[in-house]
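Remarks on the structure that follows.
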2 protein chains.
Amino acid sequence: MSGTAGAAGEREAAIATIQRELTAFARRARAAAARMHPELSLVSFTLLAHLEDSGGCRATDLAAHYLLDKSTVSRQVAALERAGHVERRSDPDDHRIQLLHLTEQGEQVLARAADRRSQAFHDRLGAWEPAELERFAAYLTRYNDEAG
Amino acid sequence: MSGTAGAAGEREAAIATIQRELTAFARRARAAAARMHPELSLVSFTLLAHLEDSGGCRATDLAAHYLLDKSTVSRQVAALERAGHVERRSDPDDHRIQLLHLTEQGEQVLARAADRRSQAFHDRLGAWEPAELERFAAYLTRYNDEAG
DNA sequence: ACTTGATAGATGTACTGTACAACTACTTTT
DNA sequence: AAAAGTAGTTGTACAGTACATCTATCAAGT
């Protein structure tokens with residue numbers, strides 16, 4: 001037991017810190033997003049961003065990708081449509097399917113929110129060295145991918 | 001503008017990745033906690049853990065520390081008391097104040113949830129080198145502290 | 001000592017995000 | 001044509017949260 005006990009303890013401590021800090025971040029994220037861009041909640045922002053990235057997809061795809069219930073997505077999308085950010089295009093080959101697309105206005109609102117978010121991250125990370133940023137980005141990616 | 005354009009682009013890309021991955025994590029955190037320990041939500045867990053760490057504090061302290069409205073904390077604490085996890089001790093010197101303490105049962109429930117959480121983090125981070133863990137922990141701490 | 005202001009907390013109300021179950025409308029399989 | 005599967009909506013319920021308002025208590029200033 002001797003010799004490795006110290007190393008194991010450090011490992012333990014590092015993991016505890018990661019746990020604590022990630023949890024703290026998660027707790028604040030929604031409220032922070034709401035303060036930053038009140039017109040677009042964190043969830044709405046995420047869904048719109050996915051629509052932009054994917055160039056349009058189905059509600060079911062959003063639900064699968066974000067592990068949300070389809071009813072949740074259905075209501076979110078309905079709200080986004082009501083707000084004029086999203087439009088539905090029926091698939092002529094399969095009438096069950098609606099492809100969701102950003103509207104012009106949705107693109108603009110998304111762009112503004114993305115700008116503000118991005119600005120906030122830049123402000124926070126402004127003093128970081130490039131190599132640190134890249135390592136941090138790589139660690140986060142690895143951590144999330146480790147989920148399985 | 002030449003010469004630094006590539007470096008600026010990498011910086012940009014790293015920040016974008018950090019933003020994306022942190023957001024993805026935040027989105028999943030609550031649901032993941034609920035799956036992991038259904039008897040204790042992420043918020044309840046956090047509050048109980050704070051009570052344990054601090055050795056008892058006031059509802060106002062919790063609100064200040066977690067940037068929550070006092071009404072929110074009041075209801076959370078009421079629920080935790082109803083569940084038997086927390087007890088209130090009136091301060092004899094100031095009758096406005098109630099010091100919150102974990103009950104025996106609260107300690108046990110917290111310990112079980114903390115174990116399960118800790119286990120999940122260990123599973124995810126099991127393949128990481130000690131040096132990587134420490135850098136990741138340090139980056140997260142720095143990122144959160146940068147909030148101001 | 002009495003008023004005024006501050007603090008701790010509880011309660012009324014409302015909104016968002018979320019899930020589950022049940023439903024409709026289509027499509028695919030058999 | 002019947003059965004089974006898929007896409008999406010709707011009914012219902014609950015957690016978490018905030019803001020405004022209320023009560024009880026304490027502290028300070030006159």
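Quick note on naming: the chains in the structure tokens go A, B, ... in the order shown, residues restart at 1 in each chain, and ligands are numbered from 1 in order of appearance.
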
As number ranges by chain, please: every residue in region 35-129 of chain B that a backbone DSSP assignment puts in helix (DSSP H, G or I). B: 35-36, 42-54, 59-66, 70-82, 104-125

Counting only C-alpha atoms (C1' of nucleotides), what is within 9 Å of region 24-28 of chain D, bar same-chain residues fewer than 3 positions away, as a JSON list (two decimals) with N, CA and C atoms (P, O5', C5', C4', C3', O3' and C1' of nucleotides), in the first residue's frame?
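That gives us part-v7.json:
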```json
[["chain", "number", "residue", "atom", "x", "y", "z"],
["B", 94, "ASP", "N", -30.89, 35.27, 17.94],
["B", 94, "ASP", "CA", -31.59, 36.00, 16.88],
["B", 94, "ASP", "C", -32.70, 35.12, 16.34],
["B", 95, "HIS", "N", -33.90, 35.48, 16.73],
["B", 95, "HIS", "CA", -35.02, 34.58, 16.42],
["B", 95, "HIS", "C", -35.46, 34.60, 14.97],
["B", 96, "ARG", "N", -34.79, 35.44, 14.16],
["B", 96, "ARG", "CA", -35.09, 35.36, 12.73],
["B", 96, "ARG", "C", -34.37, 34.19, 12.08],
["C", 4, "DT", "P", -41.86, 56.69, 11.21],
["C", 4, "DT", "O5'", -40.51, 56.29, 10.46],
["C", 4, "DT", "C5'", -39.27, 56.84, 10.88],
["C", 4, "DT", "C4'", -38.14, 55.96, 10.38],
["C", 4, "DT", "C3'", -38.46, 55.20, 9.08],
["C", 4, "DT", "O3'", -37.44, 55.50, 8.14],
["C", 4, "DT", "C1'", -37.57, 53.73, 10.71],
["C", 5, "DG", "P", -37.52, 55.00, 6.64],
["C", 5, "DG", "O5'", -36.43, 53.83, 6.65],
["C", 5, "DG", "C5'", -35.15, 54.10, 7.20],
["C", 5, "DG", "C4'", -34.42, 52.80, 7.46],
["C", 5, "DG", "C3'", -34.43, 51.85, 6.24],
["C", 5, "DG", "O3'", -33.10, 51.41, 6.05],
["C", 5, "DG", "C1'", -35.12, 50.72, 8.19],
["C", 6, "DA", "P", -32.72, 50.61, 4.76],
["C", 6, "DA", "O5'", -32.36, 49.19, 5.37],
["C", 6, "DA", "C5'", -31.15, 49.08, 6.13],
["C", 6, "DA", "C4'", -31.14, 47.74, 6.82],
["C", 6, "DA", "C3'", -31.08, 46.55, 5.86],
["C", 6, "DA", "O3'", -29.98, 45.75, 6.24],
["C", 6, "DA", "C1'", -32.80, 46.26, 7.46],
["C", 7, "DT", "P", -29.51, 44.59, 5.32],
["C", 7, "DT", "O5'", -30.14, 43.31, 6.00],
["C", 7, "DT", "C5'", -29.84, 43.03, 7.35],
["C", 7, "DT", "C4'", -30.64, 41.83, 7.78],
["C", 7, "DT", "C3'", -30.64, 40.69, 6.75],
["C", 7, "DT", "O3'", -30.13, 39.56, 7.42],
["C", 7, "DT", "C1'", -32.82, 41.14, 7.55],
["C", 8, "DA", "P", -30.06, 38.17, 6.69],
["C", 8, "DA", "O5'", -31.37, 37.46, 7.23],
["C", 8, "DA", "C5'", -31.44, 37.05, 8.58],
["C", 8, "DA", "C4'", -32.54, 36.02, 8.75],
["C", 8, "DA", "C3'", -32.52, 34.94, 7.67],
["C", 8, "DA", "O3'", -32.73, 33.67, 8.31],
["C", 8, "DA", "C1'", -34.60, 36.10, 7.62],
["C", 9, "DG", "P", -32.66, 32.38, 7.42],
["C", 9, "DG", "O5'", -34.18, 32.20, 6.99],
["C", 9, "DG", "C5'", -35.15, 32.08, 8.02],
["C", 9, "DG", "C4'", -36.52, 32.32, 7.47],
["C", 9, "DG", "C3'", -36.96, 31.37, 6.35],
["C", 9, "DG", "O3'", -37.79, 30.39, 6.94],
["C", 9, "DG", "C1'", -37.76, 33.62, 6.09]]
```

Surrounding residues of DA13 (chain D) excluding itself and chain neighbours under 5 positions, 12 Å, only C-alpha atoms (C1' of nucleotides), as a PyMOL selection string: chain C and resi 18-21

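Nearest residue to chain C, choosing from B:Glu21, B:Glu87, B:Asp61, B:Glu134 and counting only C-alpha atoms (C1' of nucleotides): B:Asp61.
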
Which polymer residues have any atom within 10 Å of an atom of region 8-10 of chain A, counting only C-alpha atoms (C1' of nucleotides), with same-chain residues fewer than 6 positions away left out, as number ranges by chain? A: 16; B: 130-131, 133-134

Mind listing as JSON, numbers by chain which residues of chain A are within 6 Å of chain B, counting only C-alpha atoms? {"A": [11, 14, 17, 18, 26, 124, 130, 133, 134, 137, 146]}

Selection above as a file: C-alpha atoms, as an mmCIF file, in the first residue's frame:
```
data_model
loop_
_atom_site.group_PDB
_atom_site.id
_atom_site.type_symbol
_atom_site.label_atom_id
_atom_site.label_comp_id
_atom_site.auth_asym_id
_atom_site.auth_seq_id
_atom_site.Cartn_x
_atom_site.Cartn_y
_atom_site.Cartn_z
ATOM 1 C CA ARG A 11 -6.007 11.169 -8.241
ATOM 2 C CA ALA A 14 -8.397 15.726 -8.781
ATOM 3 C CA THR A 17 -12.406 18.751 -7.944
ATOM 4 C CA ILE A 18 -13.594 17.899 -11.447
ATOM 5 C CA ALA A 26 -24.090 22.905 -14.626
ATOM 6 C CA ARG A 124 -13.736 34.540 -19.692
ATOM 7 C CA PRO A 130 -3.528 29.020 -26.797
ATOM 8 C CA LEU A 133 -7.302 26.478 -24.473
ATOM 9 C CA GLU A 134 -6.590 23.546 -26.706
ATOM 10 C CA ALA A 137 -11.108 21.862 -25.162
ATOM 11 C CA GLU A 146 -16.462 9.026 -22.442
#
```

Pick out the residues sitting within 12 Å of DT13 (chain C), and hand them over as a list in words; count only C-alpha atoms (C1' of nucleotides), and ignore anything fewer than 5 positions along from it in its own chain.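 Residues near the query, excluding close chain neighbours: DA18, DC19, DA20 and DT21 of chain D.
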
Determine, counting only C-alpha atoms (C1' of nucleotides), which protein, DNA and RNA residues have an atom within 9 Å of an atom of DT9 (chain D); residues of the same chain fewer than 5 positions away are not included. Present the result as a list of chain:residue names. A:Ser71, A:Ser74, A:Arg75, C:DC23, C:DT24

Tell me, as a compact mmCIF listing (two decimals) with C-alpha atoms, in the first residue's frame, which residues lie within 12 Å of Leu48 (chain A), counting only C-alpha atoms (C1' of nucleotides); anything in the same chain fewer than 6 positions away does not count.
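Once written, part_13.txt looks like this:
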```
# COMPACT_ATOMS: atom_id res chain seq x y z
CA LEU A 40 -33.64 32.51 -26.22
CA SER A 41 -33.38 29.94 -23.45
CA LEU A 42 -30.47 27.54 -23.32
CA SER A 54 -27.78 20.08 -39.57
CA GLY A 55 -29.41 22.22 -42.21
CA GLY A 56 -32.84 21.04 -41.02
CA CYS A 57 -33.97 17.86 -39.33
CA ALA A 59 -38.25 16.70 -34.21
CA LEU A 62 -33.63 16.44 -31.96
CA VAL A 73 -39.37 18.59 -28.27
CA GLN A 76 -40.34 23.41 -27.73
CA VAL A 77 -40.65 23.37 -31.48
CA ALA A 79 -42.99 27.57 -29.21
CA LEU A 80 -40.17 28.26 -31.62
CA GLU A 81 -42.60 28.17 -34.51
CA GLY A 84 -41.35 32.73 -35.88
CA HIS A 85 -37.91 31.19 -35.47
CA VAL A 86 -38.68 27.86 -37.11
CA GLU A 87 -40.84 26.63 -39.96
CA LEU A 100 -37.77 21.71 -39.37
CA HIS A 101 -35.89 24.68 -40.74
CA LEU A 102 -34.76 28.00 -39.37
CA THR A 103 -36.57 31.01 -40.73
CA GLU A 104 -34.67 34.14 -41.70
CA GLN A 105 -35.67 35.63 -38.39
CA GLY A 106 -34.63 32.49 -36.55
CA GLU A 107 -31.22 32.70 -38.14
CA GLN A 108 -30.86 36.30 -37.04
CA VAL A 109 -31.97 35.67 -33.48
CA LEU A 110 -29.70 32.67 -33.25
CA ALA A 111 -26.79 34.65 -34.64
CA ALA A 113 -27.52 34.97 -29.17
CA ALA A 114 -24.52 33.03 -30.46
```

May I ask which of the residues A:His50, A:Lys70, A:His37, A:His65 is the closest one to chain D, counting only C-alpha atoms (C1' of nucleotides)?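 Distance minimum relative to chain D lands on A:Lys70.
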
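Within chain B, DSSP run on the backbone puts these residues in strand (DSSP E or B): B:Cys57, B:Val86, B:Glu87, B:Arg88, B:Arg89, B:Ser90, B:Gln98, B:Leu99, B:Leu100, B:His101, B:Leu102.
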
What does the structure give for the distance between CA of Ser44 (chain A) and C1' of DT10 (chain D), in Å to one decimal? 20.7 Å

Work out how far C1' of DT3 (chain C) is from CA of Asp91 (chain B), in Å to one decimal.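 Value for the CA of Asp91 (chain B)-C1' of DT3 (chain C) distance: 26.2 Å.
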